[in-house]
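One file, run19.tsv, carrying TSV, C-alpha atoms:
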chain	number	residue	atom	x	y	z
M	108	MET	CA	29.91	120.33	24.67
M	109	CYS	CA	26.42	121.34	25.67
M	110	LEU	CA	26.44	124.02	23.04
M	111	ILE	CA	27.56	121.60	20.36
M	112	LYS	CA	24.75	119.15	21.15
M	113	LEU	CA	22.19	121.90	21.16
M	114	VAL	CA	23.22	123.15	17.76
M	115	PHE	CA	23.20	119.63	16.37
M	116	VAL	CA	19.73	118.80	17.73
M	117	ASN	CA	18.21	122.07	16.58
M	118	ASN	CA	19.84	121.88	13.22
M	119	PRO	CA	17.03	121.65	10.62
M	120	THR	CA	19.33	120.05	8.04
M	121	HIS	CA	19.16	116.57	9.46
M	122	CYS	CA	16.22	115.62	7.34
M	123	LYS	CA	18.31	116.06	4.18
M	124	GLY	CA	19.88	112.63	4.06
M	125	TYR	CA	22.58	110.83	5.93
M	126	PHE	CA	25.71	111.91	4.03
M	127	TYR	CA	24.87	115.52	4.03
M	128	LEU	CA	23.98	115.27	7.68
M	129	SER	CA	27.19	113.61	8.73
M	130	PHE	CA	29.22	116.07	6.71
M	131	LYS	CA	27.37	119.02	8.16
M	132	ARG	CA	27.72	117.62	11.66
M	133	LYS	CA	31.44	117.15	11.26
M	134	VAL	CA	31.90	120.66	9.99
M	135	THR	CA	29.75	122.23	12.70
M	136	LEU	CA	31.42	120.21	15.41
M	137	SER	CA	34.94	121.04	14.34
M	138	PHE	CA	34.05	124.66	13.75
M	139	LEU	CA	32.47	125.05	17.17
M	140	ALA	CA	35.33	123.22	18.78
M	141	THR	CA	37.87	125.60	17.29
M	142	ILE	CA	35.83	128.63	18.30
M	143	GLN	CA	35.51	127.43	21.86
M	144	GLN	CA	39.15	126.51	22.09
M	145	LYS	CA	40.20	129.82	20.69
M	146	SER	CA	38.04	131.91	22.96
M	147	THR	CA	39.09	130.16	26.17
M	148	PHE	CA	42.70	130.23	25.03
M	149	GLN	CA	42.60	133.96	24.36
M	150	LYS	CA	40.89	134.69	27.65
M	151	LYS	CA	43.46	132.84	29.70
M	152	ASP	CA	46.25	134.22	27.60
M	153	SER	CA	45.35	137.89	27.98
M	154	ASN	CA	45.03	137.47	31.73
M	155	SER	CA	48.36	135.77	31.97
M	156	MET	CA	49.98	138.54	29.91
M	157	LEU	CA	48.66	141.12	32.37
M	158	GLN	CA	49.90	139.15	35.36
M	159	GLY	CA	53.24	138.49	33.75
M	160	PHE	CA	53.82	142.12	32.84
M	161	SER	CA	52.81	143.25	36.33
M	162	ILE	CA	55.44	140.98	37.84
M	163	LEU	CA	58.09	142.11	35.35
M	164	PHE	CA	57.34	145.81	35.90
M	165	CYS	CA	57.36	145.33	39.68
M	166	PHE	CA	60.80	143.75	39.65
M	167	TYR	CA	62.09	146.33	37.18
M	168	ILE	CA	61.01	149.13	39.55
M	169	LEU	CA	62.38	147.26	42.57
M	170	GLY	CA	65.70	146.88	40.80
M	171	GLU	CA	65.85	150.57	39.90
M	172	LEU	CA	64.93	151.57	43.46
M	173	LEU	CA	67.50	149.24	44.98
M	174	VAL	CA	70.21	150.67	42.76
M	175	ILE	CA	69.27	154.23	43.71
M	176	PHE	CA	69.17	153.46	47.43
M	177	LEU	CA	72.48	151.63	47.39
M	178	ASP	CA	73.95	154.34	45.18
M	179	SER	CA	75.38	151.57	43.01
M	180	PRO	CA	76.54	151.83	39.39
M	181	ILE	CA	74.90	148.49	38.54
M	182	PRO	CA	72.13	148.96	35.94
M	183	GLY	CA	68.64	148.82	37.46
M	184	SER	CA	67.27	146.34	34.94
M	185	VAL	CA	70.03	143.86	35.75
M	186	ALA	CA	69.39	144.33	39.47
M	187	GLY	CA	65.73	143.60	38.74
M	188	MET	CA	66.72	140.47	36.83
M	189	LEU	CA	68.84	139.22	39.74
M	190	LEU	CA	66.07	140.02	42.24
M	191	LEU	CA	63.58	138.09	40.13
M	192	PHE	CA	66.01	135.18	39.80
M	193	GLY	CA	66.50	135.17	43.59
M	194	PHE	CA	62.76	135.35	44.14
M	195	LEU	CA	62.10	132.41	41.79
M	196	CYS	CA	64.81	130.33	43.47
M	197	TRP	CA	63.37	131.19	46.87
M	198	ARG	CA	59.84	130.19	45.84
M	199	ASP	CA	61.32	127.27	43.93
M	200	GLN	CA	58.66	127.58	41.25
M	201	ALA	CA	57.97	130.05	38.46
M	202	PRO	CA	54.40	131.35	37.99
M	203	LYS	CA	53.04	130.06	34.69
M	204	ALA	CA	51.82	133.50	33.64
M	205	LEU	CA	55.29	134.94	34.15
M	206	VAL	CA	56.97	132.19	32.14
M	207	LYS	CA	54.51	132.60	29.27
M	208	THR	CA	54.84	136.38	29.15
M	209	SER	CA	58.62	136.33	29.37
M	210	GLU	CA	58.90	133.78	26.61
M	211	LYS	CA	56.70	135.93	24.41
M	212	LEU	CA	58.60	139.10	25.23
M	213	LEU	CA	62.00	137.47	24.68
M	214	VAL	CA	60.96	136.33	21.18
M	215	TYR	CA	60.84	140.04	20.30
M	216	LEU	CA	63.99	140.97	22.18
M	217	PRO	CA	66.01	141.53	18.97
M	218	LEU	CA	63.42	144.04	17.74
M	219	LEU	CA	63.73	146.03	20.97
M	220	LEU	CA	67.43	146.55	20.29
M	221	VAL	CA	66.92	148.17	16.92
M	222	PRO	CA	66.09	151.78	17.94
M	223	ALA	CA	69.19	152.06	20.12
M	224	GLY	CA	71.36	150.38	17.51
M	225	VAL	CA	70.34	152.83	14.78
M	226	GLY	CA	72.05	155.50	16.92
M	227	VAL	CA	75.34	154.49	15.31
M	228	ILE	CA	74.29	156.86	12.54
M	229	GLN	CA	75.46	159.70	14.81
M	230	TYR	CA	78.96	158.27	15.19
M	231	LEU	CA	79.88	157.28	11.65
M	232	ASP	CA	82.79	159.76	11.62
M	233	LEU	CA	84.18	158.35	14.86
M	234	LEU	CA	83.94	154.83	13.44
M	235	LYS	CA	85.68	155.83	10.22
M	236	GLU	CA	88.49	157.50	12.13
M	237	GLN	CA	89.23	154.46	14.29
M	238	LEU	CA	88.22	151.75	11.88
M	239	LEU	CA	91.45	149.76	12.24
M	240	ALA	CA	91.46	149.68	16.05
M	241	ILE	CA	87.78	148.74	16.18
M	242	THR	CA	87.87	145.97	13.56
M	243	ALA	CA	91.05	144.51	15.04
M	244	SER	CA	89.59	144.56	18.52
M	245	LEU	CA	86.34	142.98	17.39
M	246	ILE	CA	87.77	140.23	15.18
M	247	VAL	CA	90.96	139.36	17.03
M	248	GLY	CA	89.49	139.99	20.48
M	249	THR	CA	86.49	137.73	19.94
M	250	THR	CA	88.52	134.92	18.40
M	251	LEU	CA	91.17	135.12	21.11
M	252	SER	CA	88.62	135.00	23.88
M	253	MET	CA	86.96	131.93	22.37
M	254	VAL	CA	90.33	130.17	22.09
M	255	PHE	CA	91.19	131.20	25.63
M	256	ILE	CA	87.90	130.01	27.14
M	257	SER	CA	88.01	126.57	25.51
M	258	TRP	CA	91.67	126.18	26.51
M	259	PHE	CA	90.99	127.33	30.06
M	260	THR	CA	87.95	125.13	30.56
M	261	ARG	CA	89.74	122.06	29.28
M	262	LYS	CA	92.90	122.67	31.23
M	263	PHE	CA	91.69	123.87	34.61
M	264	THR	CA	88.32	122.29	35.20
M	265	LYS	CA	87.13	118.72	35.13
M	266	PHE	CA	84.27	119.83	33.00
M	267	GLU	CA	84.03	116.84	30.70
M	268	HIS	CA	83.83	114.18	33.40
M	269	GLN	CA	81.26	116.06	35.43
M	270	ASP	CA	79.20	116.68	32.36
M	271	LYS	CA	79.17	113.05	31.26
M	272	SER	CA	78.27	111.76	34.69
M	273	ASN	CA	75.32	114.13	34.76
M	274	ASP	CA	73.86	113.23	31.41
Z	148	MET	CA	51.88	168.89	-0.02
Z	149	ILE	CA	54.60	171.09	1.42
Z	150	ASN	CA	53.65	170.11	4.95
Z	151	LEU	CA	53.57	166.41	4.27
Z	152	HIS	CA	57.19	165.85	5.21
Z	153	ALA	CA	56.84	167.90	8.39
Z	154	TRP	CA	53.66	166.07	9.30
Z	155	LEU	CA	55.34	162.71	8.79
Z	156	LEU	CA	58.22	163.83	10.97
Z	157	ASP	CA	55.91	164.78	13.81
Z	158	ASN	CA	53.92	161.59	13.66
Z	159	PRO	CA	55.45	158.76	15.71
Z	160	THR	CA	53.63	156.16	13.64
Z	161	ILE	CA	55.94	156.48	10.67
Z	162	SER	CA	59.07	155.90	12.76
Z	163	LEU	CA	57.48	152.94	14.50
Z	164	LEU	CA	56.38	151.56	11.15
Z	165	ILE	CA	59.93	151.89	9.79
Z	166	THR	CA	61.33	149.95	12.76
Z	167	VAL	CA	58.79	147.15	12.78
Z	168	LEU	CA	58.56	146.73	9.02
Z	169	CYS	CA	62.32	146.73	8.48
Z	170	TYR	CA	62.85	144.20	11.25
Z	171	TYR	CA	60.09	142.04	9.82
Z	172	LEU	CA	61.61	142.15	6.34
Z	173	CYS	CA	65.10	141.38	7.61
Z	174	LEU	CA	63.80	138.54	9.73
Z	175	SER	CA	62.06	136.98	6.72
Z	176	LEU	CA	65.21	137.40	4.68
Z	177	TYR	CA	67.25	135.76	7.45
Z	178	LYS	CA	64.86	132.81	7.58
Z	179	ARG	CA	64.81	132.52	3.79
Z	180	PHE	CA	68.61	132.22	3.72
Z	181	ASN	CA	68.77	129.45	6.31
Z	182	HIS	CA	69.69	131.61	9.30
Z	183	SER	CA	73.04	132.62	7.92
Z	184	ALA	CA	74.87	134.62	10.60
Z	185	ALA	CA	76.08	137.22	8.11
Z	186	LEU	CA	72.44	138.24	7.63
Z	187	GLN	CA	71.86	138.74	11.36
Z	188	PRO	CA	68.43	140.44	11.28
Z	189	VAL	CA	69.12	143.17	13.85
Z	190	MET	CA	72.34	144.22	12.15
Z	191	ILE	CA	70.81	144.28	8.69
Z	192	SER	CA	67.70	146.12	9.85
Z	193	ILE	CA	69.87	148.74	11.58
Z	194	LEU	CA	71.74	149.31	8.31
Z	195	LEU	CA	68.46	149.44	6.39
Z	196	ILE	CA	66.87	151.91	8.81
Z	197	MET	CA	69.99	154.08	8.78
Z	198	SER	CA	69.73	154.41	5.02
Z	199	ILE	CA	65.98	155.09	5.21
Z	200	LEU	CA	66.51	157.84	7.80
Z	201	TRP	CA	69.20	159.31	5.59
Z	202	LEU	CA	66.96	159.19	2.50
Z	203	LEU	CA	63.88	160.64	4.21
Z	204	GLU	CA	65.99	163.16	6.13
Z	205	ILE	CA	64.59	162.13	9.48
Z	206	PRO	CA	66.94	163.22	12.29
Z	207	TYR	CA	67.92	160.36	14.62
Z	208	GLU	CA	66.78	162.24	17.75
Z	209	LYS	CA	63.27	162.36	16.36
Z	210	TYR	CA	63.33	158.73	15.28
Z	211	PHE	CA	64.50	157.62	18.70
Z	212	GLU	CA	61.95	159.79	20.50
Z	213	HIS	CA	59.18	158.21	18.44
Z	214	ASN	CA	60.50	154.74	19.14
Z	215	GLN	CA	60.44	155.14	22.92
Z	216	LEU	CA	57.52	152.73	22.96
Z	217	ILE	CA	59.76	149.94	21.66
Z	218	HIS	CA	62.92	151.04	23.45
Z	219	PHE	CA	61.24	151.15	26.85
Z	220	LEU	CA	60.40	147.44	26.73
Z	221	LEU	CA	64.12	146.65	26.87
Z	222	GLY	CA	64.02	147.12	30.66
Z	223	PRO	CA	61.27	144.58	31.36
Z	224	ALA	CA	62.82	142.26	28.75
Z	225	THR	CA	66.13	142.36	30.61
Z	226	VAL	CA	64.28	141.46	33.81
Z	227	ALA	CA	62.61	138.62	31.90
Z	228	LEU	CA	66.07	137.11	31.21
Z	229	ALA	CA	65.80	135.75	34.76
Z	230	ILE	CA	63.37	133.09	33.56
Z	231	PRO	CA	65.71	131.19	31.18
Z	232	LEU	CA	68.36	131.43	33.87
Z	233	TYR	CA	65.99	130.02	36.48
Z	234	LYS	CA	65.01	127.17	34.15
Z	235	ASN	CA	68.67	126.14	34.03
Z	236	LYS	CA	69.04	126.31	37.81
Z	237	GLN	CA	69.66	122.58	38.06
Z	238	ARG	CA	72.50	122.69	35.57
Z	239	ILE	CA	74.04	125.74	37.22
Z	240	ARG	CA	74.09	123.96	40.57
Z	241	GLN	CA	75.58	120.77	39.14
Z	242	LEU	CA	78.28	122.48	37.14
Z	243	ALA	CA	78.83	125.44	39.43
Z	244	VAL	CA	82.65	125.28	39.60
Z	245	PRO	CA	83.54	124.96	35.89
Z	246	LEU	CA	80.73	127.30	34.85
Z	247	PHE	CA	81.51	130.11	37.26
Z	248	SER	CA	85.26	129.91	36.80
Z	249	ALA	CA	84.86	129.99	33.01
Z	250	VAL	CA	82.39	132.86	33.20
Z	251	ILE	CA	84.46	134.94	35.62
Z	252	ILE	CA	87.89	134.35	34.05
Z	253	GLY	CA	86.62	134.10	30.46
Z	254	GLY	CA	84.31	137.09	30.77
Z	255	SER	CA	87.11	139.22	32.21
Z	256	MET	CA	89.55	138.09	29.53
Z	257	ALA	CA	87.05	138.88	26.77
Z	258	ILE	CA	86.89	142.46	28.06
Z	259	PHE	CA	90.66	142.60	28.48
Z	260	PHE	CA	91.43	141.35	24.95
Z	261	ALA	CA	88.97	143.74	23.32
Z	262	VAL	CA	90.07	146.82	25.24
Z	263	SER	CA	93.80	146.16	25.15
Z	264	ILE	CA	93.90	145.53	21.40
Z	265	ALA	CA	91.97	148.72	20.70
Z	266	TRP	CA	94.11	150.63	23.22
Z	267	GLY	CA	97.27	149.38	21.51
Z	268	LEU	CA	95.94	150.76	18.24
Z	269	ASN	CA	95.24	154.19	19.73
Z	270	ALA	CA	91.48	154.08	20.04
Z	271	SER	CA	89.88	157.02	21.83
Z	272	ASN	CA	88.46	156.81	25.32
Z	273	ASP	CA	84.83	156.73	24.24
Z	274	VAL	CA	85.50	153.84	21.91
Z	275	LEU	CA	87.45	151.91	24.56
Z	276	LEU	CA	84.63	152.29	27.07
Z	277	SER	CA	82.05	151.28	24.47
Z	278	LEU	CA	84.11	148.20	23.54
Z	279	ALA	CA	84.32	146.95	27.13
Z	280	PRO	CA	80.85	145.33	27.40
Z	281	LYS	CA	80.92	143.97	23.84
Z	282	SER	CA	80.77	140.26	24.71
Z	283	VAL	CA	77.63	140.61	26.81
Z	284	THR	CA	74.08	140.06	25.62
Z	285	THR	CA	72.87	143.29	24.01
Z	286	PRO	CA	70.18	144.50	26.47
Z	287	ILE	CA	72.57	144.16	29.41
Z	288	ALA	CA	75.44	145.66	27.39
Z	289	LEU	CA	73.28	148.69	26.62
Z	290	SER	CA	72.46	149.39	30.24
Z	291	VAL	CA	76.06	148.75	31.30
Z	292	ALA	CA	77.24	151.19	28.61
Z	293	GLU	CA	74.84	153.78	30.00
Z	294	SER	CA	76.05	153.32	33.55
Z	295	ILE	CA	79.77	153.51	32.66
Z	296	GLN	CA	79.07	156.58	30.51
Z	297	ALA	CA	80.12	154.98	27.26
Z	298	ILE	CA	78.14	155.50	24.04
Z	299	PRO	CA	75.27	152.95	24.13
Z	300	SER	CA	74.66	153.05	20.37
Z	301	LEU	CA	78.31	152.26	19.63
Z	302	THR	CA	78.17	149.44	22.17
Z	303	ALA	CA	75.06	148.04	20.48
Z	304	ALA	CA	76.86	147.97	17.14
Z	305	PHE	CA	80.02	146.42	18.62
Z	306	VAL	CA	78.02	143.78	20.45
Z	307	LEU	CA	76.13	142.77	17.33
Z	308	ILE	CA	79.27	142.60	15.18
Z	309	THR	CA	81.00	140.57	17.90
Z	310	GLY	CA	78.12	138.12	17.85
Z	311	VAL	CA	78.27	137.76	14.09
Z	312	ILE	CA	82.05	137.25	14.15
Z	313	GLY	CA	81.71	134.68	16.91
Z	314	ALA	CA	79.03	132.79	15.00
Z	315	VAL	CA	81.03	132.78	11.76
Z	316	VAL	CA	84.37	131.89	13.36
Z	317	ALA	CA	83.07	129.26	15.82
Z	318	GLU	CA	82.93	126.12	13.69
Z	319	PRO	CA	86.24	126.46	11.80
Z	320	LEU	CA	87.93	127.52	15.03
Z	321	PHE	CA	86.78	124.48	16.97
Z	322	ARG	CA	87.81	122.25	14.09
Z	323	LEU	CA	91.24	123.86	14.19
Z	324	LEU	CA	91.48	123.46	17.97
Z	325	ASN	CA	90.21	119.90	17.67
Z	326	GLU	CA	87.61	120.67	20.31
Z	327	LYS	CA	84.88	118.05	20.37
Z	328	ASP	CA	83.09	118.61	23.66
Z	329	ASP	CA	79.78	120.36	22.99
Z	330	GLY	CA	79.64	121.74	26.51
Z	331	ILE	CA	82.98	123.51	26.19
Z	332	LYS	CA	82.10	124.76	22.73
Z	333	GLY	CA	78.84	126.13	24.08
Z	334	MET	CA	80.55	127.91	26.94
Z	335	ALA	CA	83.18	129.48	24.68
Z	336	ILE	CA	80.49	130.71	22.29
Z	337	GLY	CA	78.13	131.93	24.99
Z	338	ILE	CA	80.76	133.84	26.95
Z	339	SER	CA	82.36	135.56	23.97
Z	340	ALA	CA	79.56	135.83	21.42
Z	341	HIS	CA	76.28	136.07	23.47
Z	342	GLY	CA	72.88	135.65	21.77
Z	343	VAL	CA	73.92	135.74	18.13
Z	344	GLY	CA	76.50	133.08	18.90
Z	345	THR	CA	73.93	131.08	20.83
Z	346	ALA	CA	71.76	130.86	17.72
Z	347	LYS	CA	74.78	129.25	16.02
Z	348	ALA	CA	75.47	127.00	19.01
Z	349	LEU	CA	71.92	125.67	18.80
Z	350	GLU	CA	72.70	124.55	15.25
Z	351	ILE	CA	75.77	122.61	16.43
Z	352	SER	CA	73.72	120.67	18.98
Z	353	PRO	CA	70.97	121.30	21.55
Z	354	GLN	CA	73.42	120.66	24.38
Z	355	CYS	CA	75.86	123.18	22.93
Z	356	GLY	CA	73.00	125.69	22.66
Z	357	ALA	CA	71.91	125.13	26.24
Z	358	PHE	CA	75.42	125.71	27.57
Z	359	SER	CA	75.81	128.74	25.36
Z	360	ALA	CA	72.54	130.31	26.57
Z	361	LEU	CA	73.40	129.53	30.15
Z	362	SER	CA	76.90	130.99	30.10
Z	363	MET	CA	75.58	133.98	28.15
Z	364	GLY	CA	73.15	134.79	30.96
Z	365	LEU	CA	75.76	134.32	33.66
Z	366	THR	CA	78.34	136.41	31.78
Z	367	GLY	CA	75.76	139.18	31.45
Z	368	ALA	CA	75.04	139.17	35.16
Z	369	TYR	CA	78.72	138.95	36.08
Z	370	THR	CA	79.78	141.78	33.76
Z	371	ALA	CA	76.93	144.02	34.90
Z	372	LEU	CA	77.90	143.46	38.52
Z	373	VAL	CA	81.64	143.95	38.15
Z	374	LEU	CA	82.39	146.19	35.17
Z	375	PRO	CA	80.67	149.36	36.53
Z	376	TYR	CA	82.65	149.08	39.79
Z	377	ALA	CA	85.89	148.42	37.91
Z	378	ILE	CA	85.38	151.49	35.72
Z	379	GLU	CA	84.44	153.58	38.75
Z	380	TYR	CA	87.63	152.47	40.47
Z	381	LEU	CA	89.73	153.27	37.40
Z	382	ARG	CA	88.15	156.70	37.35
Z	383	THR	CA	88.98	157.38	41.00
Z	384	VAL	CA	92.64	156.46	40.47
Z	385	ALA	CA	92.51	158.71	37.39
Z	386	LEU	CA	93.65	156.06	34.94
Z	387	ILE	CA	90.77	157.10	32.70
Z	388	PRO	CA	89.04	160.47	32.65

For this file, write the structure as C-alpha cells.
Amino acid sequence: MCLIKLVFVNNPTHCKGYFYLSFKRKVTLSFLATIQQKSTFQKKDSNSMLQGFSILFCFYILGELLVIFLDSPIPGSVAGMLLLFGFLCWRDQAPKALVKTSEKLLVYLPLLLVPAGVGVIQYLDLLKEQLLAITASLIVGTTLSMVFISWFTRKFTKFEHQDKSND
Amino acid sequence: MINLHAWLLDNPTISLLITVLCYYLCLSLYKRFNHSAALQPVMISILLIMSILWLLEIPYEKYFEHNQLIHFLLGPATVALAIPLYKNKQRIRQLAVPLFSAVIIGGSMAIFFAVSIAWGLNASNDVLLSLAPKSVTTPIALSVAESIQAIPSLTAAFVLITGVIGAVVAEPLFRLLNEKDDGIKGMAIGISAHGVGTAKALEISPQCGAFSALSMGLTGAYTALVLPYAIEYLRTVALIP
C-alpha cells in the first residue's frame, strides 16, 4: 500500500485534469496491486513446492527402505503412501505446502503414465496372438465386477441407511 | 543432414517434447469433445506416440530412457495419493464396514474375474499376471506389475482400457440394474474402473465421484498389499512359474 501511495503522490500527471487523473490512478492502482499479489503469491508458492516435494521424496525413500528391510514384495511407492497416510492421521493435520504440491502433482498424474504406457509397442505381437482372451477378460471382467460389487454392497451391508444418516 | 536423425535420437529433448506435446493435444481434444470417455487422453496419446515412434523410427528403449524425467515422478505422485485419502478420513471412519468389505471382496473378485476369464481362453502366463492388477489406479498397478514380475507396459494398457470400458458401461449398466444409490454406484465404479471411471462418476454426481475416488484409493492400497503376497505364495506352491 505504501508503494501505491508513493507512486500516486509522485505521479506528475495529476495536473492534467480530473478525468485523466482518476483514470490513470485506477490503472496504476490495479496494475500495482496485481504485480504485488503476483510476486507474493509466487514467492510463497515456490517455497511451498520445495517443502512439499521434500516431504514427498522423504516418504518415498522411507517406503523403499522399509520394503527392502522387511524383504517385502509390496511396492516401495505404495509403502511410502501408506506411511504418509499414517503420519498425517497421527498428526491429524496435513501441512498446507504438502497439500498444495500434491494437488499440483496429481493434476499431471495422467501425463506421468504415458512413457510407461507407450511400452505396449513392444508387445503388439503378444496382444494380437491373445486378442480374444484379453478383450473378453477386459470387457466381461470389468462389467461382471461392477455388477458384483453393486449387488454385494446392497445385499450384505447396510450402506444406504448409514449413508443417509450421515448426510 | 545425414546426422540429423542420429542427433535427434541422442537428444532427450525430442522424446520429451513428443510426450508432452501429444498429451497436451489429446487433452485439448478430450476437453473439446466434452470429456467423452472413448477419447481418454492417456490412451489416445499413447496410440499417437506409438505411431510417431514408428514413423520416426525411434526405438522404444531410447524413448523411455529419454523420458526418465517424467517417468520418475510416478513414485512421488503415488506417495501423494495419500493426501486425497487423508482428506476423506472422516468418511472412511464413518463407513468403515461397508467400504472395507466392498473393497476387499470386490477388489479380489475384480482380479478373479479378469484372470479366470483370460485363463479359460488360454492366455499366456505373462498376460495373466499383467491382467491381475488391471482394476487398480494406474501408478499403483504399474508398481505392482513390476513387483509381481508381470509386464508393466501391458498392465498400463489393460488398466487404461478397463477404465474406459468401466466409464462407458457404467450408466447403462446401473439403469439396467435399477441401481439408484449414488454411493453404491460410486463404489462399484471406483473399485472396478479406478481413475478413468472416477472422472465419469463425478459427472453422475459429486457424491458418486467422492465415493468412487475413495474406493479407488482403498482398492489400490489393498491390492498392493495383498496381490504381491498372493502371487508369491502361488509361486512357492508352483501353481505358476

Need to verify the contact set: segment 268-271 of chain Z, 9 Å, all atoms listed in the file, exclusion of same-chain residues closer than 5 positions in sequence. Can you return it as a compact mmCIF listing (two decimals) with C-alpha atoms, keeping the file's coordinate frame?
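Resulting contents of around.txt:
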# COMPACT_ATOMS: atom_id res chain seq x y z
CA GLN M 237 89.23 154.46 14.29
CA LEU M 239 91.45 149.76 12.24
CA ALA M 240 91.46 149.68 16.05
CA ILE M 241 87.78 148.74 16.18
CA ALA M 243 91.05 144.51 15.04
CA SER M 244 89.59 144.56 18.52
CA SER Z 263 93.80 146.16 25.15
CA LEU Z 276 84.63 152.29 27.07

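Interatomic distance, atom CA of Ala223 of chain M against atom CA of Asn158 of chain Z: 19.1 Å.
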
Pull the closest atom pair for each residue of chain M that gets at most 6 Å from chain Z, along with the distance in Å to one decimal, counting all atoms listed in the file, ordering rows by chain and then ascending residue number, as CSV.
residue,atom,partner,partner_atom,distance
M:Leu163,CA,Z:Pro223,CA,5.7
M:Pro180,CA,Z:Pro375,CA,5.6
M:Ile181,CA,Z:Leu372,CA,5.9
M:Pro182,CA,Z:Ser290,CA,5.7
M:Ser184,CA,Z:Gly222,CA,5.4
M:Gly187,CA,Z:Val226,CA,5.6
M:Met188,CA,Z:Val226,CA,4.0
M:Phe192,CA,Z:Ala229,CA,5.1
M:Ser209,CA,Z:Ala227,CA,5.3
M:Leu219,CA,Z:Ile217,CA,5.6
M:Ala223,CA,Z:Ser300,CA,5.6
M:Gly224,CA,Z:Ser300,CA,5.1
M:Val225,CA,Z:Ile193,CA,5.2
M:Gly226,CA,Z:Ser300,CA,5.0
M:Val227,CA,Z:Ser300,CA,5.3
M:Ala240,CA,Z:Ala265,CA,4.8
M:Ser244,CA,Z:Ala261,CA,4.9
M:Leu245,CA,Z:Thr309,CA,5.9
M:Gly248,CA,Z:Ala261,CA,4.7
M:Ser252,CA,Z:Ala257,CA,5.1
M:Met253,CA,Z:Ala335,CA,5.1
M:Ile256,CA,Z:Ala335,CA,5.3
M:Ser257,CA,Z:Ala335,CA,5.7
M:Thr264,CA,Z:Pro245,CA,5.5
M:Phe266,CA,Z:Pro245,CA,5.9

Report the distance between atom CA of Leu233 of chain M and atom CA of Ala297 of chain Z in Å, rounded to one decimal place.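 Spanning atom CA of Leu233 of chain M to atom CA of Ala297 of chain Z is a straight-line distance of 13.5 Å.
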
Between M:Leu238, M:Leu177, M:Leu190, M:Met156, which one has atoms that come closest to Val206 of chain M, using all atoms listed in the file? M:Met156

Between atom CA of Leu191 of chain M and atom CA of Ile162 of chain M, measure the distance and give it in Å to one decimal.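 Those two atoms sit 8.9 Å apart.
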
With N, CA and C atoms as the target, complete segment 372-385 of chain Z and hand it back as an mmCIF file, in the frame of the given file.
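Output file result.cif follows:
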data_model
loop_
_atom_site.group_PDB
_atom_site.id
_atom_site.type_symbol
_atom_site.label_atom_id
_atom_site.label_comp_id
_atom_site.auth_asym_id
_atom_site.auth_seq_id
_atom_site.Cartn_x
_atom_site.Cartn_y
_atom_site.Cartn_z
ATOM 1 N N LEU Z 372 77.600 143.260 37.105
ATOM 2 C CA LEU Z 372 77.900 143.460 38.520
ATOM 3 C C LEU Z 372 79.293 144.025 38.730
ATOM 4 N N VAL Z 373 80.236 143.624 37.879
ATOM 5 C CA VAL Z 373 81.640 143.950 38.150
ATOM 6 C C VAL Z 373 82.154 145.134 37.341
ATOM 7 N N LEU Z 374 81.803 145.164 36.042
ATOM 8 C CA LEU Z 374 82.390 146.190 35.170
ATOM 9 C C LEU Z 374 82.126 147.624 35.653
ATOM 10 N N PRO Z 375 80.885 147.975 36.067
ATOM 11 C CA PRO Z 375 80.670 149.360 36.530
ATOM 12 C C PRO Z 375 81.570 149.737 37.705
ATOM 13 N N TYR Z 376 81.780 148.794 38.644
ATOM 14 C CA TYR Z 376 82.650 149.080 39.790
ATOM 15 C C TYR Z 376 84.097 149.231 39.341
ATOM 16 N N ALA Z 377 84.508 148.348 38.407
ATOM 17 C CA ALA Z 377 85.890 148.420 37.910
ATOM 18 C C ALA Z 377 86.144 149.768 37.252
ATOM 19 N N ILE Z 378 85.203 150.205 36.414
ATOM 20 C CA ILE Z 378 85.380 151.490 35.720
ATOM 21 C C ILE Z 378 85.378 152.631 36.726
ATOM 22 N N GLU Z 379 84.497 152.538 37.725
ATOM 23 C CA GLU Z 379 84.440 153.580 38.750
ATOM 24 C C GLU Z 379 85.790 153.672 39.481
ATOM 25 N N TYR Z 380 86.341 152.504 39.786
ATOM 26 C CA TYR Z 380 87.630 152.470 40.470
ATOM 27 C C TYR Z 380 88.719 153.101 39.595
ATOM 28 N N LEU Z 381 88.729 152.710 38.305
ATOM 29 C CA LEU Z 381 89.730 153.270 37.400
ATOM 30 C C LEU Z 381 89.582 154.775 37.277
ATOM 31 N N ARG Z 382 88.352 155.253 37.407
ATOM 32 C CA ARG Z 382 88.150 156.700 37.350
ATOM 33 C C ARG Z 382 88.692 157.376 38.600
ATOM 34 N N THR Z 383 88.507 156.739 39.761
ATOM 35 C CA THR Z 383 88.980 157.380 41.000
ATOM 36 C C THR Z 383 90.502 157.412 41.040
ATOM 37 N N VAL Z 384 91.179 156.394 40.487
ATOM 38 C CA VAL Z 384 92.640 156.460 40.470
ATOM 39 C C VAL Z 384 93.130 157.216 39.235
ATOM 40 N N ALA Z 385 92.186 157.811 38.506
ATOM 41 C CA ALA Z 385 92.510 158.710 37.390
ATOM 42 C C ALA Z 385 93.280 158.032 36.263
#
